Each structure stands twice: as C-alpha cells, then as structure tokens.
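query-v2.cif, holding mmCIF, N, CA and C atoms and all ligand atoms:
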```
data_protein
loop_
_atom_site.label_atom_id
_atom_site.label_comp_id
_atom_site.auth_asym_id
_atom_site.auth_seq_id
_atom_site.Cartn_x
_atom_site.Cartn_y
_atom_site.Cartn_z
N MET A 1 78.04 136.08 114.72
CA MET A 1 77.03 135.03 114.52
C MET A 1 75.75 135.42 115.24
N ARG A 2 74.63 135.43 114.51
CA ARG A 2 73.36 135.86 115.11
C ARG A 2 72.86 134.85 116.15
N CYS A 3 72.49 135.35 117.29
CA CYS A 3 72.00 134.48 118.37
C CYS A 3 70.66 133.86 117.97
N PRO A 4 70.56 132.51 118.06
CA PRO A 4 69.30 131.87 117.66
C PRO A 4 68.17 132.11 118.68
N TRP A 5 68.50 132.65 119.82
CA TRP A 5 67.49 132.88 120.86
C TRP A 5 66.89 134.27 120.74
N CYS A 6 67.76 135.30 120.62
CA CYS A 6 67.24 136.67 120.62
C CYS A 6 67.57 137.45 119.35
N GLY A 7 68.45 136.90 118.50
CA GLY A 7 68.75 137.59 117.25
C GLY A 7 69.87 138.62 117.32
N ALA A 8 70.43 138.81 118.49
CA ALA A 8 71.55 139.76 118.62
C ALA A 8 72.79 139.20 117.90
N VAL A 9 73.66 140.08 117.44
CA VAL A 9 74.82 139.59 116.69
C VAL A 9 76.12 139.58 117.51
N GLU A 10 76.09 140.13 118.69
CA GLU A 10 77.29 140.14 119.53
C GLU A 10 77.37 138.86 120.36
N ASP A 11 78.52 138.18 120.26
CA ASP A 11 78.69 137.02 121.13
C ASP A 11 80.16 136.84 121.44
N ARG A 12 80.46 135.99 122.39
CA ARG A 12 81.86 135.65 122.62
C ARG A 12 81.98 134.14 122.64
N VAL A 13 83.15 133.66 122.17
CA VAL A 13 83.40 132.22 122.12
C VAL A 13 83.88 131.77 123.49
N VAL A 14 83.14 130.82 124.09
CA VAL A 14 83.53 130.36 125.43
C VAL A 14 84.33 129.06 125.38
N ASP A 15 84.23 128.35 124.26
CA ASP A 15 84.99 127.11 124.12
C ASP A 15 85.17 126.82 122.63
N SER A 16 86.33 126.26 122.27
CA SER A 16 86.63 125.99 120.87
C SER A 16 87.44 124.72 120.81
N ARG A 17 86.96 123.72 120.09
CA ARG A 17 87.73 122.48 120.02
C ARG A 17 87.55 121.77 118.68
N GLU A 18 88.58 120.99 118.33
CA GLU A 18 88.53 120.22 117.08
C GLU A 18 87.64 119.00 117.29
N VAL A 19 86.79 118.73 116.32
CA VAL A 19 85.95 117.53 116.37
C VAL A 19 86.06 116.82 115.01
N GLU A 20 85.41 115.67 114.90
CA GLU A 20 85.42 114.88 113.67
C GLU A 20 86.85 114.65 113.16
N ARG A 21 87.72 114.24 114.07
CA ARG A 21 89.13 113.96 113.77
C ARG A 21 89.82 115.15 113.11
N GLY A 22 89.51 116.34 113.60
CA GLY A 22 90.20 117.53 113.10
C GLY A 22 89.58 118.14 111.86
N GLU A 23 88.48 117.55 111.37
CA GLU A 23 87.88 118.08 110.15
C GLU A 23 86.90 119.22 110.40
N ALA A 24 86.58 119.45 111.66
CA ALA A 24 85.69 120.56 111.99
C ALA A 24 86.10 121.15 113.33
N ILE A 25 85.72 122.40 113.54
CA ILE A 25 85.94 123.04 114.83
C ILE A 25 84.58 123.39 115.41
N ARG A 26 84.38 122.96 116.63
CA ARG A 26 83.12 123.23 117.32
C ARG A 26 83.35 124.39 118.28
N ARG A 27 82.51 125.41 118.20
CA ARG A 27 82.64 126.55 119.11
C ARG A 27 81.37 126.73 119.91
N ARG A 28 81.55 126.90 121.22
CA ARG A 28 80.42 127.25 122.08
C ARG A 28 80.45 128.76 122.18
N ARG A 29 79.32 129.38 121.91
CA ARG A 29 79.25 130.84 121.94
C ARG A 29 78.22 131.29 122.97
N GLU A 30 78.51 132.43 123.53
CA GLU A 30 77.57 132.99 124.50
C GLU A 30 77.12 134.35 124.00
N CYS A 31 75.80 134.51 123.89
CA CYS A 31 75.24 135.76 123.39
C CYS A 31 75.50 136.88 124.39
N ALA A 32 76.00 138.01 123.87
CA ALA A 32 76.30 139.15 124.75
C ALA A 32 75.03 139.84 125.23
N ALA A 33 73.93 139.65 124.49
CA ALA A 33 72.67 140.31 124.86
C ALA A 33 71.86 139.52 125.87
N CYS A 34 71.62 138.21 125.57
CA CYS A 34 70.73 137.43 126.45
C CYS A 34 71.46 136.38 127.29
N GLY A 35 72.72 136.16 127.00
CA GLY A 35 73.49 135.22 127.80
C GLY A 35 73.28 133.75 127.47
N GLN A 36 72.39 133.45 126.49
CA GLN A 36 72.17 132.05 126.10
C GLN A 36 73.41 131.54 125.35
N ARG A 37 73.61 130.23 125.44
CA ARG A 37 74.74 129.65 124.73
C ARG A 37 74.25 128.86 123.52
N PHE A 38 75.05 128.86 122.47
CA PHE A 38 74.75 128.07 121.29
C PHE A 38 76.06 127.58 120.66
N THR A 39 75.93 126.64 119.73
CA THR A 39 77.11 125.98 119.15
C THR A 39 77.20 126.24 117.65
N THR A 40 78.41 126.49 117.17
CA THR A 40 78.62 126.58 115.72
C THR A 40 79.73 125.61 115.33
N TYR A 41 79.69 125.17 114.08
CA TYR A 41 80.71 124.28 113.54
C TYR A 41 81.36 124.95 112.35
N GLU A 42 82.67 124.82 112.29
CA GLU A 42 83.41 125.43 111.19
C GLU A 42 84.14 124.32 110.43
N ARG A 43 83.97 124.32 109.09
CA ARG A 43 84.62 123.30 108.26
C ARG A 43 85.29 123.97 107.07
N ALA A 44 86.34 123.36 106.56
CA ALA A 44 86.96 123.85 105.33
C ALA A 44 85.93 123.70 104.21
N SER A 45 85.81 124.71 103.35
CA SER A 45 84.76 124.65 102.34
C SER A 45 85.21 123.98 101.05
N VAL A 46 86.51 123.68 100.94
CA VAL A 46 86.96 122.95 99.76
C VAL A 46 86.63 121.47 99.98
N ALA A 47 85.65 120.99 99.25
CA ALA A 47 85.21 119.61 99.43
C ALA A 47 86.28 118.65 98.92
N VAL A 48 86.50 117.60 99.68
CA VAL A 48 87.46 116.59 99.26
C VAL A 48 86.72 115.55 98.42
N VAL A 49 87.26 115.27 97.25
CA VAL A 49 86.64 114.26 96.39
C VAL A 49 87.45 112.98 96.49
N SER A 50 86.77 111.87 96.76
CA SER A 50 87.44 110.57 96.81
C SER A 50 87.14 109.81 95.53
N VAL A 51 88.11 109.01 95.13
CA VAL A 51 87.96 108.23 93.91
C VAL A 51 87.86 106.75 94.27
N LEU A 52 86.78 106.12 93.83
CA LEU A 52 86.61 104.69 94.04
C LEU A 52 87.23 103.97 92.85
N LYS A 53 88.30 103.24 93.12
CA LYS A 53 88.98 102.52 92.04
C LYS A 53 88.29 101.18 91.79
N ARG A 54 88.60 100.59 90.66
CA ARG A 54 87.97 99.30 90.32
C ARG A 54 88.26 98.24 91.37
N SER A 55 89.40 98.36 92.00
CA SER A 55 89.80 97.40 93.03
C SER A 55 88.97 97.57 94.31
N GLY A 56 88.19 98.66 94.39
CA GLY A 56 87.40 98.91 95.59
C GLY A 56 88.11 99.85 96.55
N GLN A 57 89.36 100.18 96.22
CA GLN A 57 90.16 101.08 97.04
C GLN A 57 89.67 102.52 96.86
N LEU A 58 89.69 103.28 97.95
CA LEU A 58 89.26 104.67 97.91
C LEU A 58 90.49 105.56 98.09
N VAL A 59 90.74 106.41 97.10
CA VAL A 59 91.92 107.30 97.17
C VAL A 59 91.48 108.75 96.94
N PRO A 60 92.25 109.72 97.44
CA PRO A 60 91.87 111.12 97.19
C PRO A 60 92.06 111.49 95.71
N PHE A 61 91.18 112.33 95.22
CA PHE A 61 91.32 112.82 93.86
C PHE A 61 92.59 113.67 93.78
N GLU A 62 93.39 113.43 92.74
CA GLU A 62 94.60 114.24 92.55
C GLU A 62 94.62 114.82 91.15
N ARG A 63 94.51 116.14 91.11
CA ARG A 63 94.49 116.82 89.81
C ARG A 63 95.80 116.57 89.04
N ALA A 64 96.91 116.50 89.78
CA ALA A 64 98.21 116.29 89.13
C ALA A 64 98.27 114.96 88.38
N LYS A 65 97.58 113.94 88.93
CA LYS A 65 97.56 112.63 88.28
C LYS A 65 96.79 112.71 86.96
N VAL A 66 95.69 113.44 86.99
CA VAL A 66 94.88 113.61 85.77
C VAL A 66 95.72 114.33 84.72
N ALA A 67 96.39 115.40 85.15
CA ALA A 67 97.22 116.17 84.23
C ALA A 67 98.33 115.30 83.64
N ALA A 68 98.91 114.43 84.47
CA ALA A 68 100.00 113.55 84.00
C ALA A 68 99.49 112.59 82.93
N GLY A 69 98.29 112.06 83.14
CA GLY A 69 97.69 111.15 82.16
C GLY A 69 97.41 111.85 80.85
N VAL A 70 96.87 113.06 80.95
CA VAL A 70 96.55 113.83 79.75
C VAL A 70 97.84 114.23 79.02
N ARG A 71 98.84 114.62 79.79
CA ARG A 71 100.12 115.02 79.21
C ARG A 71 100.73 113.86 78.43
N ALA A 72 100.63 112.67 78.98
CA ALA A 72 101.18 111.48 78.31
C ALA A 72 100.46 111.25 76.98
N ALA A 73 99.13 111.41 76.99
CA ALA A 73 98.35 111.20 75.77
C ALA A 73 98.63 112.28 74.73
N CYS A 74 99.06 113.45 75.19
CA CYS A 74 99.30 114.59 74.30
C CYS A 74 100.74 114.69 73.81
N LYS A 75 101.53 113.69 74.16
CA LYS A 75 102.95 113.75 73.77
C LYS A 75 103.10 113.94 72.26
N ASN A 76 103.93 114.89 71.88
CA ASN A 76 104.18 115.23 70.47
C ASN A 76 102.94 115.74 69.73
N ARG A 77 101.93 116.17 70.47
CA ARG A 77 100.74 116.75 69.87
C ARG A 77 100.74 118.25 70.16
N PRO A 78 100.09 119.03 69.29
CA PRO A 78 100.11 120.49 69.49
C PRO A 78 99.16 120.94 70.60
N VAL A 79 99.43 120.48 71.81
CA VAL A 79 98.59 120.86 72.96
C VAL A 79 99.49 121.54 73.99
N GLU A 80 99.10 122.73 74.39
CA GLU A 80 99.89 123.51 75.36
C GLU A 80 99.72 122.93 76.78
N ASP A 81 100.78 123.09 77.57
CA ASP A 81 100.71 122.63 78.95
C ASP A 81 99.61 123.38 79.72
N SER A 82 99.40 124.64 79.36
CA SER A 82 98.36 125.41 80.06
C SER A 82 96.97 124.85 79.76
N GLN A 83 96.80 124.31 78.54
CA GLN A 83 95.51 123.70 78.18
C GLN A 83 95.29 122.41 78.98
N ILE A 84 96.38 121.69 79.20
CA ILE A 84 96.29 120.45 79.99
C ILE A 84 95.92 120.78 81.43
N GLY A 85 96.55 121.84 81.95
CA GLY A 85 96.22 122.29 83.31
C GLY A 85 94.77 122.70 83.44
N GLU A 86 94.28 123.42 82.44
CA GLU A 86 92.88 123.86 82.46
C GLU A 86 91.94 122.66 82.39
N LEU A 87 92.29 121.70 81.54
CA LEU A 87 91.46 120.50 81.40
C LEU A 87 91.37 119.77 82.74
N ALA A 88 92.51 119.60 83.39
CA ALA A 88 92.54 118.88 84.67
C ALA A 88 91.72 119.63 85.73
N ALA A 89 91.82 120.96 85.74
CA ALA A 89 91.06 121.77 86.70
C ALA A 89 89.57 121.65 86.42
N ASP A 90 89.23 121.63 85.14
CA ASP A 90 87.84 121.52 84.73
C ASP A 90 87.25 120.16 85.13
N VAL A 91 88.06 119.11 84.96
CA VAL A 91 87.62 117.77 85.36
C VAL A 91 87.41 117.72 86.87
N GLU A 92 88.34 118.34 87.62
CA GLU A 92 88.20 118.36 89.07
C GLU A 92 86.90 119.04 89.48
N GLU A 93 86.61 120.16 88.84
CA GLU A 93 85.38 120.90 89.13
C GLU A 93 84.15 120.04 88.83
N ALA A 94 84.18 119.36 87.68
CA ALA A 94 83.06 118.50 87.29
C ALA A 94 82.87 117.36 88.29
N MET A 95 83.97 116.82 88.82
CA MET A 95 83.89 115.72 89.79
C MET A 95 83.31 116.21 91.11
N ARG A 96 83.69 117.42 91.51
CA ARG A 96 83.12 118.02 92.73
C ARG A 96 81.61 118.14 92.62
N GLU A 97 81.15 118.50 91.43
CA GLU A 97 79.71 118.66 91.22
C GLU A 97 78.99 117.32 91.32
N LEU A 98 79.70 116.22 91.02
CA LEU A 98 79.08 114.90 91.11
C LEU A 98 78.93 114.44 92.56
N GLY A 99 79.73 115.02 93.45
CA GLY A 99 79.63 114.64 94.85
C GLY A 99 80.98 114.34 95.47
N SER A 100 80.96 113.79 96.68
CA SER A 100 82.21 113.59 97.40
C SER A 100 82.92 112.30 97.00
N GLN A 101 82.21 111.44 96.23
CA GLN A 101 82.85 110.21 95.78
C GLN A 101 82.55 109.96 94.31
N VAL A 102 83.60 109.75 93.53
CA VAL A 102 83.42 109.46 92.11
C VAL A 102 84.19 108.18 91.79
N THR A 103 83.96 107.62 90.60
CA THR A 103 84.71 106.42 90.23
C THR A 103 85.82 106.80 89.25
N SER A 104 86.83 105.93 89.14
CA SER A 104 87.92 106.21 88.21
C SER A 104 87.39 106.25 86.79
N GLU A 105 86.31 105.52 86.54
CA GLU A 105 85.71 105.52 85.20
C GLU A 105 85.08 106.87 84.87
N GLN A 106 84.41 107.46 85.86
CA GLN A 106 83.81 108.79 85.64
C GLN A 106 84.89 109.82 85.31
N ILE A 107 86.04 109.70 85.98
CA ILE A 107 87.14 110.62 85.70
C ILE A 107 87.64 110.41 84.28
N GLY A 108 87.83 109.14 83.90
CA GLY A 108 88.31 108.81 82.56
C GLY A 108 87.40 109.37 81.49
N LEU A 109 86.10 109.21 81.69
CA LEU A 109 85.14 109.70 80.69
C LEU A 109 85.13 111.22 80.62
N ALA A 110 85.25 111.86 81.78
CA ALA A 110 85.27 113.33 81.81
C ALA A 110 86.51 113.86 81.09
N VAL A 111 87.64 113.17 81.27
CA VAL A 111 88.88 113.56 80.59
C VAL A 111 88.69 113.40 79.08
N LEU A 112 88.16 112.24 78.71
CA LEU A 112 87.99 111.91 77.29
C LEU A 112 87.11 112.94 76.56
N GLU A 113 86.02 113.26 77.21
CA GLU A 113 85.08 114.23 76.65
C GLU A 113 85.77 115.57 76.33
N ARG A 114 86.62 116.01 77.25
CA ARG A 114 87.31 117.29 77.08
C ARG A 114 88.51 117.19 76.15
N LEU A 115 89.17 116.05 76.19
CA LEU A 115 90.36 115.86 75.36
C LEU A 115 89.97 115.83 73.87
N ARG A 116 88.79 115.30 73.58
CA ARG A 116 88.29 115.26 72.21
C ARG A 116 88.23 116.64 71.59
N ARG A 117 87.85 117.63 72.40
CA ARG A 117 87.74 119.00 71.90
C ARG A 117 89.12 119.62 71.69
N LEU A 118 90.12 119.10 72.39
CA LEU A 118 91.47 119.64 72.27
C LEU A 118 92.25 119.02 71.13
N ASP A 119 92.25 117.70 71.07
CA ASP A 119 93.07 117.01 70.08
C ASP A 119 92.55 115.59 69.84
N ASP A 120 92.20 115.30 68.60
CA ASP A 120 91.63 113.99 68.26
C ASP A 120 92.59 112.84 68.52
N VAL A 121 93.82 113.01 68.06
CA VAL A 121 94.80 111.92 68.20
C VAL A 121 95.03 111.60 69.68
N ALA A 122 95.20 112.64 70.47
CA ALA A 122 95.42 112.44 71.91
C ALA A 122 94.22 111.74 72.55
N SER A 123 93.01 112.10 72.12
CA SER A 123 91.83 111.49 72.73
C SER A 123 91.71 110.02 72.35
N VAL A 124 92.10 109.69 71.12
CA VAL A 124 92.07 108.28 70.69
C VAL A 124 93.10 107.47 71.48
N ARG A 125 94.29 108.04 71.65
CA ARG A 125 95.33 107.37 72.46
C ARG A 125 94.80 107.13 73.86
N PHE A 126 94.20 108.16 74.40
CA PHE A 126 93.69 108.08 75.77
C PHE A 126 92.60 107.01 75.88
N ALA A 127 91.64 107.05 74.93
CA ALA A 127 90.51 106.12 74.95
C ALA A 127 90.96 104.68 74.80
N SER A 128 91.96 104.46 73.96
CA SER A 128 92.38 103.09 73.67
C SER A 128 93.09 102.44 74.84
N VAL A 129 93.60 103.24 75.72
CA VAL A 129 94.39 102.68 76.80
C VAL A 129 93.75 102.77 78.18
N TYR A 130 93.10 103.88 78.50
CA TYR A 130 92.72 104.11 79.89
C TYR A 130 91.74 103.09 80.46
N LYS A 131 90.89 102.53 79.61
CA LYS A 131 89.84 101.63 80.10
C LYS A 131 90.36 100.41 80.84
N GLY A 132 91.54 99.96 80.45
CA GLY A 132 92.10 98.77 81.08
C GLY A 132 92.82 99.05 82.39
N PHE A 133 92.88 100.33 82.78
CA PHE A 133 93.67 100.65 83.96
C PHE A 133 92.87 101.17 85.12
N GLU A 134 93.49 101.09 86.27
CA GLU A 134 92.86 101.53 87.50
C GLU A 134 92.56 103.03 87.50
N ASP A 135 93.50 103.82 87.06
CA ASP A 135 93.26 105.26 87.02
C ASP A 135 94.16 105.91 85.99
N VAL A 136 93.97 107.21 85.87
CA VAL A 136 94.70 107.95 84.85
C VAL A 136 96.21 107.91 85.08
N GLY A 137 96.61 107.78 86.34
CA GLY A 137 98.03 107.71 86.65
C GLY A 137 98.64 106.42 86.12
N ASP A 138 97.89 105.33 86.24
CA ASP A 138 98.36 104.04 85.70
C ASP A 138 98.52 104.16 84.19
N PHE A 139 97.56 104.86 83.58
CA PHE A 139 97.59 105.06 82.15
C PHE A 139 98.87 105.78 81.73
N ALA A 140 99.22 106.82 82.48
CA ALA A 140 100.43 107.59 82.16
C ALA A 140 101.66 106.70 82.21
N ARG A 141 101.74 105.85 83.23
CA ARG A 141 102.89 104.94 83.35
C ARG A 141 102.94 103.97 82.18
N GLU A 142 101.78 103.41 81.84
CA GLU A 142 101.72 102.44 80.75
C GLU A 142 102.14 103.05 79.43
N LEU A 143 101.65 104.25 79.17
CA LEU A 143 101.98 104.93 77.92
C LEU A 143 103.49 105.19 77.86
N GLY A 144 104.06 105.50 79.02
CA GLY A 144 105.50 105.71 79.10
C GLY A 144 106.25 104.45 78.68
N LEU A 145 105.74 103.30 79.12
CA LEU A 145 106.37 102.02 78.78
C LEU A 145 106.25 101.73 77.29
N ILE A 146 105.07 101.96 76.74
CA ILE A 146 104.82 101.69 75.33
C ILE A 146 105.76 102.53 74.46
N GLU A 147 105.86 103.81 74.79
CA GLU A 147 106.67 104.69 73.96
C GLU A 147 108.15 104.47 74.13
N GLY A 148 108.53 103.91 75.30
CA GLY A 148 109.95 103.65 75.54
C GLY A 148 110.39 102.34 74.90
N ALA A 149 109.42 101.50 74.48
CA ALA A 149 109.75 100.19 73.95
C ALA A 149 110.18 100.25 72.49
ZN ZN B 1 70.81 136.22 122.52
#
```
Kindly transcribe the structure held in the file into structure tokens.
Amino acid sequence: MRCPWCGAVEDRVVDSREVERGEAIRRRRECAACGQRFTTYERASVAVVSVLKRSGQLVPFERAKVAAGVRAACKNRPVEDSQIGELAADVEEAMRELGSQVTSEQIGLAVLERLRRLDDVASVRFASVYKGFEDVGDFARELGLIEGA
C-alpha cells in the first residue's frame, strides 16, 4: 500500500481489527520509509443486495429463490435447468447494478423480462401470479398448490 505521506510502497501492519460488526477490517500501517502511520479498510467486494418486500421487511437477495420461482413457471415447458440458472444469475447481476437495495417488484419485472425471451407460456404463468405475492419464492409455493389441486 503506497504511503500517503511519502509515496513509498513498503509498510508493515501494526494493528488489525474487525470493525462495522465484522464487515470490514481496519489496519493501521506504518511506512517503512518515513515512519508515518496510516489506516486502510478492507471489505468483501461482493456487494450484498437486500430486497424490500411489500410488507416493509428487508431480506437478503437469494438467487436460489428466483430460480425456484422460474422453475415453477417453466414446469413442463421446454426450458433447460441451465437456462433457468443463467436467468437467475443475470437477474442477480441486474439487481446489483441497481444498488444495495431493490424491491420484490423490481425482481419480478426483471425475471419477467428475461422469461419472455425464453418461453412465452412460462412468462404468462409467471406474470399472472407473481404480482399478488411478496416474492418469487411465494410464487413458487403458490404455483405448487395450484398444480397439486
Ligand atoms: Zn512514508
């Protein structure tokens, strides 16, 4: 880490501790050239996306839940499981680009947009049901009930 005082790149860590409830590590560094101390913070670079549900509840984004919802809509349709996985990964990526907090509706719309390109029938099934539910996982459960009836 380049010293902000003299620009030298050699330093040693004199202290290292978890901060922000374990979400970051704070390191005190001492420049080997000028002896000045400075601080660096280290954070995981995979951003966590939270989903704001209609109820106001905030839950972590789960790609597996999205995939489960899409899989339910694609039942008996010519859609490969690998395509469902790709769709869910693509939706996750799109949500990350929107920021650290998205709504369940934004997820639903992102799924719908992509599902339309994969299979019309599945997208219509998805569209007709997901709007009334809290999230895609609820949709998957509901579809399971409908088809089992
Ligand atoms: Zn220095």
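With atom N of Gln36 in chain A on one side and CA of Asp15 in chain A on the other, the separation reads 14.3 Å.
The residue that comes closest to Ala73 in chain A, out of A:Ala24, A:Leu58, A:Ala127, A:Cys34 and on the basis of only N, CA and C atoms, is A:Ala127.
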Could you pull out all residues of range 24-137 of chain A with a DSSP call of strand (DSSP E or B) and give them as a ChimeraX atom specification? /A:24-31,37-43,50-52,58-60,101-103
What would the file look like if the residues just selected were written as a short mmCIF file (atom, residue, chain, number, x, y, z; two decimals), in the coordinates of the input with N, CA and C atoms?
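Contents of selection.cif, freshly written:
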```cif
data_model
loop_
_atom_site.label_atom_id
_atom_site.label_comp_id
_atom_site.auth_asym_id
_atom_site.auth_seq_id
_atom_site.Cartn_x
_atom_site.Cartn_y
_atom_site.Cartn_z
N ALA A 24 86.58 119.45 111.66
CA ALA A 24 85.69 120.56 111.99
C ALA A 24 86.10 121.15 113.33
N ILE A 25 85.72 122.40 113.54
CA ILE A 25 85.94 123.04 114.83
C ILE A 25 84.58 123.39 115.41
N ARG A 26 84.38 122.96 116.63
CA ARG A 26 83.12 123.23 117.32
C ARG A 26 83.35 124.39 118.28
N ARG A 27 82.51 125.41 118.20
CA ARG A 27 82.64 126.55 119.11
C ARG A 27 81.37 126.73 119.91
N ARG A 28 81.55 126.90 121.22
CA ARG A 28 80.42 127.25 122.08
C ARG A 28 80.45 128.76 122.18
N ARG A 29 79.32 129.38 121.91
CA ARG A 29 79.25 130.84 121.94
C ARG A 29 78.22 131.29 122.97
N GLU A 30 78.51 132.43 123.53
CA GLU A 30 77.57 132.99 124.50
C GLU A 30 77.12 134.35 124.00
N CYS A 31 75.80 134.51 123.89
CA CYS A 31 75.24 135.76 123.39
C CYS A 31 75.50 136.88 124.39
N ARG A 37 73.61 130.23 125.44
CA ARG A 37 74.74 129.65 124.73
C ARG A 37 74.25 128.86 123.52
N PHE A 38 75.05 128.86 122.47
CA PHE A 38 74.75 128.07 121.29
C PHE A 38 76.06 127.58 120.66
N THR A 39 75.93 126.64 119.73
CA THR A 39 77.11 125.98 119.15
C THR A 39 77.20 126.24 117.65
N THR A 40 78.41 126.49 117.17
CA THR A 40 78.62 126.58 115.72
C THR A 40 79.73 125.61 115.33
N TYR A 41 79.69 125.17 114.08
CA TYR A 41 80.71 124.28 113.54
C TYR A 41 81.36 124.95 112.35
N GLU A 42 82.67 124.82 112.29
CA GLU A 42 83.41 125.43 111.19
C GLU A 42 84.14 124.32 110.43
N ARG A 43 83.97 124.32 109.09
CA ARG A 43 84.62 123.30 108.26
C ARG A 43 85.29 123.97 107.07
N SER A 50 86.77 111.87 96.76
CA SER A 50 87.44 110.57 96.81
C SER A 50 87.14 109.81 95.53
N VAL A 51 88.11 109.01 95.13
CA VAL A 51 87.96 108.23 93.91
C VAL A 51 87.86 106.75 94.27
N LEU A 52 86.78 106.12 93.83
CA LEU A 52 86.61 104.69 94.04
C LEU A 52 87.23 103.97 92.85
N LEU A 58 89.69 103.28 97.95
CA LEU A 58 89.26 104.67 97.91
C LEU A 58 90.49 105.56 98.09
N VAL A 59 90.74 106.41 97.10
CA VAL A 59 91.92 107.30 97.17
C VAL A 59 91.48 108.75 96.94
N PRO A 60 92.25 109.72 97.44
CA PRO A 60 91.87 111.12 97.19
C PRO A 60 92.06 111.49 95.71
N GLN A 101 82.21 111.44 96.23
CA GLN A 101 82.85 110.21 95.78
C GLN A 101 82.55 109.96 94.31
N VAL A 102 83.60 109.75 93.53
CA VAL A 102 83.42 109.46 92.11
C VAL A 102 84.19 108.18 91.79
N THR A 103 83.96 107.62 90.60
CA THR A 103 84.71 106.42 90.23
C THR A 103 85.82 106.80 89.25
#
```
Using Å and a single decimal, report how far CA of Val14 in chain A sits from CA of Arg28 in chain A. 5.5 Å
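All residues, whether protein, DNA or RNA, that have an atom at most 5 Å from ligand ZN 1 (chain B) (counting only N, CA and C atoms and all ligand atoms) are A:Cys3, A:Trp5, A:Cys6, A:Gly7, A:Ala8, A:Cys31, A:Ala33, A:Cys34, A:Gly35.
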All residues 7 Å or closer to range 118-126 of chain A, only N, CA and C atoms, same chain fewer than 5 positions away omitted, as a ChimeraX atom specification: /A:73-75,77,79,112-113,131
Using only C-alpha atoms, which of A:Ala32, A:Val111, A:Ala44, A:Leu98 sits nearest Val70 in chain A? A:Val111
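Going from atom C of Val13 in chain A to CA of Val48 in chain A covers 28.8 Å.
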Please extract the residues of chain A with a backbone DSSP assignment of alpha helix (DSSP H) and present them as an MDAnalysis selection string. chainID A and resid 63:73 81:98 104:118 120:130 136:148
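Remark: for Gly99 in chain A, the closest of the candidate residues A:Ala64, A:Ile25, A:Val49, A:Met1 is A:Val49 (distances computed over only C-alpha atoms).
Distances here use only C-alpha atoms; by that measure, the residue among A:Arg54, A:Ala67, A:Glu92, A:Ser100 closest to Glu80 in chain A is A:Ala67.
Checking A:Glu97, A:Ala88, A:Pro4, A:Ala68 one by one against Phe38 in chain A, counting all atoms listed in the file, you find the shortest gap at A:Pro4.
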